[in-house]
$ cat coords_23.txt   # compact mmCIF, C-alpha atoms
# COMPACT_ATOMS: atom_id res chain seq x y z
CA MET U 1 0.00 0.00 0.00
CA LEU U 2 2.92 2.38 0.57
CA GLN U 3 3.83 4.41 -2.50
CA HIS U 4 6.26 7.33 -2.83
CA ASN U 5 4.25 9.37 -5.26
CA SER U 6 0.64 8.30 -5.22
CA LEU U 7 -1.50 5.39 -4.29
CA SER U 8 -1.82 2.83 -7.04
CA GLU U 9 -5.27 1.91 -8.32
CA GLN U 10 -5.02 -1.37 -6.43
CA GLY U 11 -4.14 0.51 -3.23
CA GLN U 12 -7.04 2.90 -3.71
CA ASN U 13 -9.45 0.02 -4.21
CA GLN U 14 -8.08 -1.78 -1.16
CA LEU U 15 -8.48 1.30 1.05
CA SER U 16 -12.00 1.87 -0.26
CA ALA U 17 -12.89 -1.74 0.54
CA ILE U 18 -11.49 -1.35 4.08
CA PHE U 19 -13.41 1.90 4.67
CA SER U 20 -16.57 0.27 3.37
CA SER U 21 -16.09 -2.84 5.50
CA LEU U 22 -15.57 -0.78 8.66
CA LYS U 23 -18.37 1.67 7.70
CA LEU U 24 -16.21 4.70 8.45
CA SER U 25 -18.62 7.09 6.77
CA GLN U 26 -21.42 5.92 9.04
CA LEU U 27 -19.19 6.21 12.13
CA LEU U 28 -18.36 9.83 11.25
CA ARG U 29 -22.02 10.73 10.86
CA THR U 30 -23.01 8.89 14.05
CA THR U 31 -20.52 10.83 16.15
CA GLY U 32 -21.50 14.21 14.73
CA ILE U 33 -18.46 14.68 12.48
CA ARG U 34 -20.30 16.11 9.50
CA LYS U 35 -20.36 19.21 7.31
CA SER U 36 -23.39 21.25 6.41
CA TYR U 37 -22.30 21.92 2.81
CA GLY U 38 -19.53 21.28 0.31
CA LEU U 39 -17.29 18.23 0.34
CA SER U 40 -18.40 15.59 2.85
CA SER U 41 -16.49 15.03 6.08
CA PHE U 42 -15.79 11.46 4.97
CA ALA U 43 -14.12 12.68 1.76
CA VAL U 44 -11.92 15.11 3.72
CA PHE U 45 -11.09 12.35 6.21
CA GLN U 46 -10.01 10.06 3.35
CA ILE U 47 -7.73 12.73 1.87
CA ILE U 48 -5.94 13.29 5.19
CA PHE U 49 -5.81 9.57 5.97
CA GLN U 50 -4.07 8.77 2.66
CA LEU U 51 -1.44 11.51 2.82
CA VAL U 52 1.16 9.36 4.58
CA PHE U 53 0.79 6.59 1.97
CA GLN U 54 1.43 9.09 -0.82
CA GLY U 55 4.71 10.32 0.64
CA ARG U 56 3.59 13.97 0.59
CA ASN U 57 2.20 16.56 2.95
CA PHE U 58 -0.98 18.41 2.03
CA TYR U 59 0.88 21.50 0.83
CA ARG U 60 2.88 19.47 -1.71
CA LEU U 61 -0.27 17.64 -2.76
CA LEU U 62 -1.92 20.95 -3.64
CA GLU U 63 1.06 21.82 -5.85
CA GLY U 64 0.76 18.57 -7.82
CA THR U 65 -1.27 17.65 -10.87
CA ARG U 66 -4.25 16.52 -8.79
CA ALA U 67 -4.74 19.96 -7.19
CA GLU U 68 -7.90 20.72 -9.23
CA SER U 69 -9.69 17.65 -7.85
CA LEU U 70 -8.75 18.41 -4.23
CA PRO U 71 -10.45 20.75 -1.73
CA GLY U 72 -8.75 23.99 -0.77
CA LYS U 73 -6.46 24.33 2.21
CA ASP U 74 -9.14 26.16 4.19
CA VAL U 75 -11.54 23.21 3.90
CA VAL U 76 -9.03 20.79 5.44
CA TYR U 77 -7.92 23.18 8.17
CA ARG U 78 -11.50 24.04 9.17
CA PHE U 79 -12.20 20.32 9.37
CA LEU U 80 -9.21 19.73 11.65
CA ASN U 81 -9.81 22.81 13.80
CA GLU U 82 -13.48 22.18 14.56
CA SER U 83 -13.95 22.05 18.34
CA ARG U 84 -17.42 20.47 18.26
CA TYR U 85 -16.40 17.19 16.60
CA ASN U 86 -16.42 14.23 18.98
CA TRP U 87 -13.25 12.56 17.78
CA ARG U 88 -12.95 10.43 20.93
CA ARG U 89 -16.36 8.86 20.39
CA PHE U 90 -15.55 8.18 16.72
CA TYR U 91 -12.28 6.49 17.57
CA GLN U 92 -13.84 4.54 20.43
CA LEU U 93 -16.46 3.04 18.09
CA LEU U 94 -13.82 2.26 15.46
CA SER U 95 -11.43 0.58 17.90
CA LEU U 96 -14.30 -1.34 19.54
CA LYS U 97 -15.31 -2.72 16.16
CA ILE U 98 -11.75 -3.79 15.28
CA VAL U 99 -10.99 -5.25 18.71
CA GLY U 100 -14.24 -7.19 18.37
CA GLN U 101 -12.81 -8.71 15.18
CA PHE U 102 -9.61 -9.60 17.03
CA GLU U 103 -11.65 -11.26 19.78
CA LYS U 104 -13.25 -13.60 17.24
CA LEU U 105 -9.77 -14.80 16.23
CA THR U 106 -8.50 -15.24 19.79
CA SER U 107 -8.95 -18.20 22.12
CA GLU U 108 -11.05 -17.58 25.22
CA GLN U 109 -8.18 -18.91 27.35
CA ARG U 110 -5.73 -16.35 26.03
CA ILE U 111 -4.80 -13.44 28.30
CA ARG U 112 -5.98 -9.97 27.26
CA VAL U 113 -4.40 -6.86 28.71
CA PHE U 114 -4.81 -3.11 28.86
CA ILE U 115 -1.49 -1.28 28.43
CA VAL U 116 -0.91 2.25 29.72
CA ASP U 117 2.07 4.36 28.68
CA ASP U 118 2.97 7.87 27.61
CA SER U 119 5.27 9.33 24.99
CA VAL U 120 6.56 12.85 24.44
CA MET U 121 5.34 14.84 21.43
CA GLY U 122 7.92 17.57 20.99
CA ARG U 123 7.15 21.04 19.60
CA GLU U 124 10.54 22.67 20.20
CA ARG U 125 10.09 25.45 17.63
CA SER U 126 6.57 26.39 18.75
CA LYS U 127 5.76 29.44 20.88
CA LYS U 128 2.03 30.13 20.68
CA VAL U 129 0.44 26.71 20.51
CA GLU U 130 -2.47 26.12 22.90
CA LEU U 131 -1.46 24.48 26.20
CA LEU U 132 2.17 24.13 25.12
CA ALA U 133 4.15 23.07 28.19
CA ARG U 134 7.57 22.11 29.51
CA ILE U 135 7.51 18.30 29.57
CA PHE U 136 10.22 16.09 31.00
CA ASP U 137 11.57 13.68 28.41
CA HIS U 138 12.83 10.49 30.08
CA VAL U 139 14.77 9.50 26.95
CA SER U 140 16.91 12.65 26.75
CA GLY U 141 16.73 13.37 30.50
CA ARG U 142 15.72 17.02 30.05
CA PHE U 143 12.66 19.25 29.77
CA ILE U 144 11.42 20.02 26.27
CA ARG U 145 8.54 21.99 24.73
CA GLY U 146 5.59 19.85 23.79
CA TYR U 147 2.97 17.50 25.15
CA SER U 148 2.76 14.10 26.73
CA LEU U 149 0.66 11.62 24.77
CA LEU U 150 -0.95 9.32 27.35
CA THR U 151 -2.21 6.21 25.55
CA LEU U 152 -4.35 3.24 26.50
CA GLY U 153 -3.94 0.11 24.40
CA TRP U 154 -5.46 -3.36 24.23
CA SER U 155 -3.52 -6.51 23.33
CA ASP U 156 -4.03 -10.25 23.10
CA GLY U 157 -0.30 -10.89 22.71
CA TYR U 158 -0.57 -11.04 18.91
CA SER U 159 -2.21 -7.75 17.95
CA PHE U 160 -1.93 -4.37 19.65
CA ALA U 161 -4.76 -1.86 19.34
CA PRO U 162 -4.55 1.69 20.73
CA ILE U 163 -8.06 2.38 22.00
CA ASP U 164 -7.86 5.81 23.67
CA PHE U 165 -5.50 8.70 24.30
CA THR U 166 -5.27 11.95 26.22
CA LEU U 167 -2.99 14.71 24.98
CA MET U 168 -1.54 16.00 28.26
CA SER U 169 -0.23 19.47 28.94
CA SER U 170 0.99 20.18 32.49
CA ALA U 171 -1.06 20.27 35.68
CA LYS U 172 1.32 22.98 36.99
CA VAL U 173 0.61 26.51 35.75
CA LYS U 174 4.30 27.46 35.88
CA ASN U 175 5.14 24.71 33.37
CA ARG U 176 2.51 25.78 30.83
CA LEU U 177 4.01 28.12 28.25
CA CYS U 178 0.69 29.04 26.64
CA GLU U 179 -2.87 28.84 27.95
CA MET U 180 -5.94 27.85 25.98
CA ARG U 181 -7.85 30.44 23.99
CA GLU U 182 -10.55 32.28 25.86
CA ASN U 183 -13.37 32.59 23.28
CA LEU U 184 -14.27 28.90 23.45
CA ASP U 185 -17.71 27.49 24.14
CA LYS U 186 -17.47 25.67 27.47
CA ARG U 187 -20.13 23.20 26.32
CA SER U 188 -18.00 22.03 23.39
CA ILE U 189 -15.99 18.81 23.19
CA GLY U 190 -12.87 20.88 22.54
CA TYR U 191 -13.18 22.71 25.85
CA LYS U 192 -13.57 19.44 27.74
CA ARG U 193 -10.48 17.98 26.05
CA ARG U 194 -8.48 21.05 27.03
CA MET U 195 -9.55 20.82 30.67
CA GLU U 196 -8.71 17.12 30.64
CA ALA U 197 -5.20 17.92 29.38
CA MET U 198 -4.44 19.78 32.61
CA ASN U 199 -5.38 16.91 34.95
CA PRO U 200 -2.73 14.85 36.79
CA LYS U 201 -1.71 11.77 34.81
CA PRO U 202 -2.90 9.17 37.35
CA ASP U 203 -6.39 10.70 37.23
CA ALA U 204 -6.32 10.61 33.42
CA VAL U 205 -5.35 6.91 33.52
CA VAL U 206 -8.34 6.07 35.71
CA GLN U 207 -10.67 8.05 33.45
CA MET U 208 -9.40 6.28 30.32
CA LEU U 209 -9.89 2.84 31.88
CA GLU U 210 -13.39 3.80 33.03
CA ARG U 211 -14.29 4.86 29.49
CA ALA U 212 -12.88 1.63 28.06
CA LEU U 213 -14.83 -0.57 30.47
CA ASN U 214 -18.05 1.39 29.93
CA ALA U 215 -17.63 1.13 26.15
CA GLY U 216 -17.39 -2.67 26.28
CA PHE U 217 -13.65 -3.41 26.23
CA SER U 218 -12.41 -6.10 28.61
CA ALA U 219 -9.03 -7.33 29.78
CA ASP U 220 -7.50 -9.49 32.51
CA TYR U 221 -4.70 -7.16 33.58
CA VAL U 222 -3.45 -3.59 33.28
CA LEU U 223 0.22 -3.32 32.32
CA MET U 224 2.24 -0.19 33.08
CA ASP U 225 5.82 0.94 33.56
CA SER U 226 7.46 2.21 36.74
CA TRP U 227 6.18 5.79 36.32
CA PHE U 228 2.58 4.70 36.98
CA THR U 229 3.14 1.80 39.40
CA HIS U 230 2.34 3.53 42.67
CA ALA U 231 0.11 2.40 45.55
CA PRO U 232 -2.73 4.99 45.18
CA LEU U 233 -3.25 4.19 41.49
CA LEU U 234 -3.02 0.44 42.13
CA GLN U 235 -5.71 0.75 44.79
CA LYS U 236 -8.02 2.70 42.46
CA LEU U 237 -7.66 0.04 39.77
CA MET U 238 -8.31 -2.75 42.28
CA ASP U 239 -11.50 -0.97 43.35
CA LYS U 240 -12.65 -1.30 39.74
CA GLY U 241 -11.78 -5.02 39.64
CA LEU U 242 -8.63 -4.59 37.54
CA HIS U 243 -5.44 -6.43 38.47
CA THR U 244 -2.18 -4.67 37.66
CA ILE U 245 1.26 -5.87 36.56
CA GLY U 246 3.98 -3.23 36.41
CA MET U 247 7.66 -2.51 36.72
CA VAL U 248 8.65 -0.86 39.99
CA LYS U 249 11.80 1.08 40.88
CA GLU U 250 13.48 1.67 44.20
CA LEU U 251 12.20 5.06 45.26
CA LYS U 252 10.82 6.30 48.58
CA GLN U 253 7.92 3.87 48.82
CA ARG U 254 7.94 1.27 51.59
CA TYR U 255 6.39 -2.19 51.79
CA CYS U 256 5.18 -4.08 54.87
CA PHE U 257 6.97 -7.42 55.21
CA GLU U 258 6.92 -9.55 58.39
CA GLY U 259 5.92 -6.52 60.44
CA ASN U 260 8.68 -4.28 59.08
CA SER U 261 8.51 -1.36 56.64
CA LEU U 262 11.17 -2.06 54.02
CA SER U 263 12.37 -0.46 50.82
CA LEU U 264 12.62 -2.43 47.59
CA GLY U 265 16.36 -2.97 48.04
CA GLU U 266 15.88 -4.22 51.60
CA LEU U 267 13.23 -6.67 50.39
CA TYR U 268 15.65 -8.00 47.76
CA ALA U 269 18.31 -8.54 50.41
CA LYS U 270 15.95 -10.60 52.57
CA ILE U 271 14.55 -13.10 50.06
CA PRO U 272 16.32 -16.39 49.20
CA LYS U 273 17.73 -16.09 45.69
CA ASN U 274 18.73 -18.43 42.91
CA PRO U 275 21.70 -16.62 41.29
CA LYS U 276 21.88 -19.04 38.35
CA ALA U 277 18.28 -18.41 37.24
CA GLU U 278 16.85 -15.38 35.46
CA ILE U 279 13.98 -15.25 37.99
CA LEU U 280 15.85 -14.57 41.23
CA GLY U 281 12.93 -14.88 43.63
CA SER U 282 9.67 -13.32 44.81
CA VAL U 283 8.06 -11.98 47.98
CA ARG U 284 4.55 -11.08 49.14
CA VAL U 285 4.11 -7.70 50.79
CA GLN U 286 1.49 -5.12 51.65
CA THR U 287 1.27 -1.39 51.08
CA SER U 288 0.70 1.02 53.95
CA ALA U 289 -2.99 1.07 52.94
CA GLY U 290 -3.23 -2.72 53.26
CA LEU U 291 -3.15 -3.68 49.56
CA SER U 292 -1.53 -7.11 49.07
CA LEU U 293 1.15 -7.32 46.38
CA LYS U 294 3.58 -9.84 44.93
CA ILE U 295 6.98 -8.60 43.79
CA VAL U 296 9.15 -10.72 41.49
CA PHE U 297 12.88 -10.00 41.16
CA VAL U 298 14.51 -10.87 37.83
CA GLN U 299 18.01 -10.64 36.42
CA ASN U 300 18.78 -7.51 34.44
CA ARG U 301 20.06 -8.82 31.10
CA ASN U 302 21.84 -5.56 30.36
CA ASN U 303 23.74 -5.66 33.66
CA ARG U 304 24.19 -9.05 35.32
CA ARG U 305 25.01 -7.39 38.64
CA ASP U 306 21.69 -5.56 38.67
CA TRP U 307 18.09 -6.72 39.10
CA LEU U 308 14.63 -5.57 38.11
CA ALA U 309 11.39 -5.82 40.05
CA ILE U 310 7.93 -6.51 38.65
CA LEU U 311 4.88 -6.06 40.84
CA THR U 312 1.38 -7.53 40.59
CA THR U 313 -1.83 -7.36 42.58
CA ASP U 314 -2.82 -10.90 41.49
CA LEU U 315 -1.22 -13.14 44.12
CA ALA U 316 -2.34 -16.33 42.34
CA LEU U 317 0.02 -15.85 39.37
CA ASP U 318 3.30 -17.75 39.41
CA ASN U 319 6.56 -15.93 38.76
CA ALA U 320 7.11 -17.08 35.18
CA GLU U 321 3.57 -16.15 34.15
CA ILE U 322 3.97 -12.66 35.62
CA ILE U 323 7.10 -12.12 33.52
CA ARG U 324 5.44 -13.52 30.38
CA ILE U 325 2.36 -11.31 30.69
CA TYR U 326 4.43 -8.20 31.40
CA GLY U 327 6.33 -8.86 28.16
CA MET U 328 3.13 -8.04 26.26
CA ARG U 329 3.71 -4.38 27.18
CA TRP U 330 6.26 -4.12 24.38
CA GLY U 331 3.41 -3.74 21.89
CA ILE U 332 2.81 -0.13 22.89
CA GLU U 333 6.49 0.75 22.45
CA THR U 334 6.33 -0.62 18.90
CA PHE U 335 3.20 1.43 18.29
CA PHE U 336 4.88 4.69 19.37
CA LYS U 337 7.85 3.96 17.12
CA VAL U 338 5.69 3.24 14.06
CA ALA U 339 3.35 6.18 14.69
CA LYS U 340 6.18 8.71 14.98
CA SER U 341 8.58 7.35 12.38
CA HIS U 342 6.17 6.24 9.65
CA LEU U 343 2.65 7.60 10.30
CA LYS U 344 3.71 11.24 10.90
CA LEU U 345 2.44 11.59 14.45
CA GLY U 346 2.91 15.20 15.53
CA THR U 347 4.72 16.28 12.36
CA GLU U 348 2.27 16.17 9.43
CA PHE U 349 0.35 19.31 10.46
CA GLN U 350 1.83 22.13 12.53
CA GLY U 351 -1.23 24.11 13.60
CA ARG U 352 -1.55 26.18 16.75
CA SER U 353 -4.99 24.90 17.69
CA PHE U 354 -5.38 22.17 20.32
CA ASP U 355 -8.34 20.85 18.32
CA MET U 356 -6.09 20.25 15.31
CA MET U 357 -3.68 18.20 17.39
CA ILE U 358 -6.53 16.09 18.76
CA SER U 359 -8.11 15.48 15.36
CA HIS U 360 -4.84 14.70 13.59
CA THR U 361 -3.67 12.38 16.39
CA THR U 362 -6.98 10.52 16.07
CA ILE U 363 -6.42 10.08 12.33
CA VAL U 364 -2.87 8.79 12.95
CA PHE U 365 -4.21 6.32 15.51
CA SER U 366 -6.83 5.25 12.96
CA ARG U 367 -4.10 4.60 10.39
CA TYR U 368 -2.26 2.29 12.77
CA LEU U 369 -5.43 0.53 13.89
CA ILE U 370 -6.59 -0.16 10.33
CA LEU U 371 -3.12 -1.37 9.27
CA GLU U 372 -3.06 -3.71 12.27
CA TRP U 373 -6.52 -4.99 11.39
CA GLU U 374 -5.46 -5.59 7.78
CA ARG U 375 -2.31 -7.40 8.94
CA ARG U 376 -4.36 -9.67 11.21
CA GLN U 377 -6.85 -10.40 8.44
CA ASN U 378 -4.07 -11.40 6.05
CA ASN U 379 -1.85 -13.36 8.45
CA ASP U 380 -4.26 -15.11 10.80
CA GLU U 381 -5.53 -18.39 9.30
CA ARG U 382 -8.66 -18.20 11.43
CA SER U 383 -9.78 -15.17 9.44
CA LEU U 384 -10.32 -17.62 6.53
CA GLY U 385 -13.45 -18.84 8.28
CA GLY U 386 -14.69 -22.43 8.27
CA LEU U 387 -11.89 -23.63 5.99
CA PHE U 388 -9.37 -23.12 8.79
CA TYR U 389 -11.36 -25.21 11.25
CA LEU U 390 -11.90 -28.01 8.71
CA PHE U 391 -8.16 -28.10 8.15
CA ALA U 392 -7.33 -27.86 11.86
CA ASP U 393 -9.56 -30.83 12.68
CA GLU U 394 -7.37 -33.01 10.45
CA VAL U 395 -4.14 -32.00 12.20
CA MET U 396 -3.44 -33.74 15.52
CA ASP U 397 -0.62 -32.85 17.89
CA LEU U 398 2.20 -35.38 17.69
CA ASP U 399 3.83 -36.57 20.87
CA LEU U 400 7.62 -36.34 21.14
CA LYS U 401 8.18 -40.04 20.48
CA THR U 402 6.17 -40.12 17.25
CA ALA U 403 7.62 -36.85 16.01
CA LEU U 404 11.23 -37.96 16.48
CA ARG U 405 10.63 -41.34 14.86
CA GLN U 406 9.03 -39.71 11.85
CA LEU U 407 11.90 -37.22 11.63
CA MET U 408 14.46 -40.07 11.69
CA ALA U 409 12.57 -42.05 9.06
CA PHE U 410 12.44 -38.94 6.90
CA VAL U 411 16.21 -38.42 7.24
CA LEU U 412 16.92 -42.04 6.31
CA ASP U 413 14.73 -41.80 3.23
CA LEU U 414 16.63 -38.71 2.08
CA LEU U 415 19.98 -40.53 2.08
CA PRO U 416 20.85 -41.44 -1.52
CA ASN U 417 21.96 -45.03 -2.29
CA LYS U 418 21.61 -46.19 1.28
CA PRO U 419 23.40 -49.59 0.75
CA LYS U 420 26.42 -47.91 -0.88
CA ASN U 421 26.73 -44.61 1.00
CA LYS U 422 28.62 -46.04 3.99
CA GLU U 423 30.22 -42.71 4.92
CA SER U 424 26.87 -40.96 5.34
CA LEU U 425 25.46 -43.86 7.33
CA SER U 426 28.52 -43.88 9.57
CA GLN U 427 28.06 -40.17 10.30
CA LEU U 428 24.42 -40.81 11.09
CA HIS U 429 25.36 -43.63 13.47
CA ASN U 430 27.83 -41.35 15.24
CA TRP U 431 25.21 -38.61 15.55
CA ILE U 432 22.70 -41.03 17.09
CA SER U 433 25.29 -42.41 19.51
CA GLU U 434 25.94 -38.93 20.89
CA LEU U 435 22.27 -38.27 21.62
CA PRO U 436 20.99 -38.44 25.22
CA SER U 437 19.94 -41.91 26.28
CA TYR U 438 16.25 -41.02 26.68
CA ILE U 439 16.14 -39.94 23.01
CA LYS U 440 18.14 -42.95 21.74
CA ALA U 441 15.59 -45.21 23.42
CA LEU U 442 12.90 -43.80 21.16
CA PHE U 443 14.64 -45.21 18.08
CA ALA U 444 14.96 -48.80 19.27
CA GLN U 445 13.02 -50.03 16.25
CA LEU U 446 14.98 -47.99 13.71
CA ARG U 447 18.21 -49.49 12.35
CA CYS U 448 20.66 -48.09 9.84
CA GLU U 449 21.73 -51.13 7.90
CA SER U 450 24.62 -50.95 5.47
$ encode --input "coords_23.txt" --output "structure tokens"
Amino acid sequence: MLQHNSLSEQGQNQLSAIFSSLKLSQLLRTTGIRKSYGLSSFAVFQIIFQLVFQGRNFYRLLEGTRAESLPGKDVVYRFLNESRYNWRRFYQLLSLKIVGQFEKLTSEQRIRVFIVDDSVMGRERSKKVELLARIFDHVSGRFIRGYSLLTLGWSDGYSFAPIDFTLMSSAKVKNRLCEMRENLDKRSIGYKRRMEAMNPKPDAVVQMLERALNAGFSADYVLMDSWFTHAPLLQKLMDKGLHTIGMVKELKQRYCFEGNSLSLGELYAKIPKNPKAEILGSVRVQTSAGLSLKIVFVQNRNNRRDWLAILTTDLALDNAEIIRIYGMRWGIETFFKVAKSHLKLGTEFQGRSFDMMISHTTIVFSRYLILEWERRQNNDERSLGGLFYLFADEVMDLDLKTALRQLMAFVLDLLPNKPKNKESLSQLHNWISELPSYIKALFAQLRCES
């Protein structure tokens, strides 16, 4: 689908089929994203959506040969700057529909997770953008101009779907470099999104999870990194019936263990450890508020002398399963990389309006979500329908004994001129003799005769 100059006819037809299948035009109308005259909102949405696949920004597109068939710049900018459009509701319906398709392809026994993380959207050259703030960038270790993109994702371990986001400014007035414009209707969606941007991040996380649960999304665990893994937020999520798994760092927090209040390092010193294993050990503790936790200590692969700690509120999980589930969090890191490097997140349009940043970010999220849906449709055999199940019924799992015997018989059949090729047979005999005894016993009935 990716073309440097323009979408091919096949790509255009494929995108049209995807839009029709997902009923994007209907979703836009349902959520109030419509125009009273001129080009339809769906047509403008399609033009913006396809820009990244054409390798051009909108300005360059207007200078090309197709300029006469395109709307003017004002049409697109008015569409993006409209404060009354409910982009969150549109994206929620779209992601709910696509996640519903993923659910049909996923076993009921498979773990589903919500993933919470944030990423910095820099605007270093901006001065008069609404709610522009000084944001600390953990990658560079310094404050930069921009916003923090707080994102909630859903994953089944195979597909990752971003389902909601909040574009965060700063809750501290001294860190905000520009306030929101004053002549804004306080009843509008745009005003509510601006007020939401100035909330503390933990409160925004709780609000996003509440919206997801009310919309119909479901998951077994909430995954988060060390920035969010603090006792008050964990307690709020437990009150909503959501178990949490998250990385935790040694800061000022204390944990109750055997009647003592200990730091994370002191807990690590007390537990029995297996230095030869990657999972060093685990311990059950309580927070000062009485919330029961399990902390698992694992080897830091980047520094063998160091360790990492992963915390969970589900005490029934064993250590290996906690590590495996937490590994699903990597999906959101991949999403941020793709969205910024390939889907033009934060760089395709450089408007000053907060509404434009919300609308364009929603379109970028839609690009990723639709590409992920298309990838799953093409790669997952279960999307072929009944044919997959008919085929799967014919395939039975082989036990180790049968599999190894069939492998050996296959190798023997591949040897050319078996009676004459004594050198090859001798090498095969030597290979078998060096196998462990429990594997050699499986081939008692197979003989290599010269």
$ residues_around --input "coords_23.txt" --residues "region 301-304 of chain U" --least-positions-apart "6" --cutoff "12 Å" --atoms "all atoms listed in the file" --output "tab-separated table (two decimals) with C-alpha atoms, keeping the file's coordinate frame"
chain	number	residue	atom	x	y	z
U	275	PRO	CA	21.70	-16.62	41.29
U	276	LYS	CA	21.88	-19.04	38.35
U	277	ALA	CA	18.28	-18.41	37.24
U	278	GLU	CA	16.85	-15.38	35.46
U	279	ILE	CA	13.98	-15.25	37.99
U	280	LEU	CA	15.85	-14.57	41.23
$ residues_around --input "coords_23.txt" --residues "Asp156 (chain U)" --least-positions-apart "3" --cutoff "7 Å" --atoms "all atoms listed in the file" --output "list in words"
Arg110, Ile111, Arg112, Val113 and Ser159 of chain U
$ residues_around --input "coords_23.txt" --residues "region 332-337 of chain U" --least-positions-apart "2" --cutoff "10 Å" --atoms "all atoms listed in the file" --output "VMD selection string"
chain U and resid 115 to 120 149 151 to 155 160 to 162 328 to 330 339 to 343 345 365 368 to 369
$ residues_near_point --input "coords_23.txt" --point "(-7.6, -7.8, 46.0)" --cutoff "12 Å" --atoms "all atoms listed in the file" --output "NGL selection string"
:U and (234-244 or 286 or 290-294 or 312-316)
$ atom_distance --input "coords_23.txt" --atom1 "CA of Leu311 (chain U)" --atom2 "CA of Ile271 (chain U)"
15.1 Å
$ residues_around --input "coords_23.txt" --residues "Ile189 (chain U)" --least-positions-apart "3" --cutoff "8 Å" --atoms "only C-alpha atoms" --output "PyMOL selection string"
chain U and resi 83-86+192-193
$ atom_distance --input "coords_23.txt" --atom1 "CA of Thr166 (chain U)" --atom2 "CA of Asp225 (chain U)"
17.3 Å
$ residues_around --input "coords_23.txt" --residues "region 26-35 of chain U" --least-positions-apart "6" --cutoff "9 Å" --atoms "only C-alpha atoms" --output "list in words"
Ser41, Phe42, Phe79, Arg84, Tyr85, Asn86, Trp87, Arg88, Arg89, Phe90, Tyr91, Leu93 and Leu94 of chain U
$ closest_residue --input "coords_23.txt" --among "U:Asp74, U:Glu108, U:Asp185, U:Glu130" --to "Ser353 (chain U)" --atoms "all atoms listed in the file"
U:Glu130
$ atom_distance --input "coords_23.txt" --atom1 "CA of Glu258 (chain U)" --atom2 "CA of Ala320 (chain U)"
24.4 Å
$ axis_aligned_box --input "coords_23.txt" --around "region 87-90 of chain U" --padding-each-side "3 Å" --output "JSON"
{"center_x": -14.7, "center_y": 10.4, "center_z": 18.8, "size_x": 9.4, "size_y": 10.4, "size_z": 10.2}
$ residues_near_point --input "coords_23.txt" --point "(3.4, 14.8, 3.4)" --cutoff "12 Å" --atoms "only C-alpha atoms" --output "PDB file with C-alpha atoms, in the coordinates of the input"
ATOM      1  CA  GLN U   3       3.830   4.410  -2.500  1.00  0.00           C
ATOM      2  CA  HIS U   4       6.260   7.330  -2.830  1.00  0.00           C
ATOM      3  CA  ASN U   5       4.250   9.370  -5.260  1.00  0.00           C
ATOM      4  CA  SER U   6       0.640   8.300  -5.220  1.00  0.00           C
ATOM      5  CA  ILE U  47      -7.730  12.730   1.870  1.00  0.00           C
ATOM      6  CA  ILE U  48      -5.940  13.290   5.190  1.00  0.00           C
ATOM      7  CA  PHE U  49      -5.810   9.570   5.970  1.00  0.00           C
ATOM      8  CA  GLN U  50      -4.070   8.770   2.660  1.00  0.00           C
ATOM      9  CA  LEU U  51      -1.440  11.510   2.820  1.00  0.00           C
ATOM     10  CA  VAL U  52       1.160   9.360   4.580  1.00  0.00           C
ATOM     11  CA  PHE U  53       0.790   6.590   1.970  1.00  0.00           C
ATOM     12  CA  GLN U  54       1.430   9.090  -0.820  1.00  0.00           C
ATOM     13  CA  GLY U  55       4.710  10.320   0.640  1.00  0.00           C
ATOM     14  CA  ARG U  56       3.590  13.970   0.590  1.00  0.00           C
ATOM     15  CA  ASN U  57       2.200  16.560   2.950  1.00  0.00           C
ATOM     16  CA  PHE U  58      -0.980  18.410   2.030  1.00  0.00           C
ATOM     17  CA  TYR U  59       0.880  21.500   0.830  1.00  0.00           C
ATOM     18  CA  ARG U  60       2.880  19.470  -1.710  1.00  0.00           C
ATOM     19  CA  LEU U  61      -0.270  17.640  -2.760  1.00  0.00           C
ATOM     20  CA  LEU U  62      -1.920  20.950  -3.640  1.00  0.00           C
ATOM     21  CA  GLU U  63       1.060  21.820  -5.850  1.00  0.00           C
ATOM     22  CA  HIS U 342       6.170   6.240   9.650  1.00  0.00           C
ATOM     23  CA  LEU U 343       2.650   7.600  10.300  1.00  0.00           C
ATOM     24  CA  LYS U 344       3.710  11.240  10.900  1.00  0.00           C
ATOM     25  CA  LEU U 345       2.440  11.590  14.450  1.00  0.00           C
ATOM     26  CA  THR U 347       4.720  16.280  12.360  1.00  0.00           C
ATOM     27  CA  GLU U 348       2.270  16.170   9.430  1.00  0.00           C
ATOM     28  CA  PHE U 349       0.350  19.310  10.460  1.00  0.00           C
ATOM     29  CA  GLN U 350       1.830  22.130  12.530  1.00  0.00           C
TER      30      GLN U 350
END
$ closest_residue --input "coords_23.txt" --among "U:Ile245, U:Lys23, U:Gly190, U:Arg145" --to "Lys127 (chain U)" --atoms "all atoms listed in the file"
U:Arg145
$ closest_residue --input "coords_23.txt" --among "U:Leu96, U:Leu24, U:Leu267, U:Ile325" --to "Ala215 (chain U)" --atoms "all atoms listed in the file"
U:Leu96
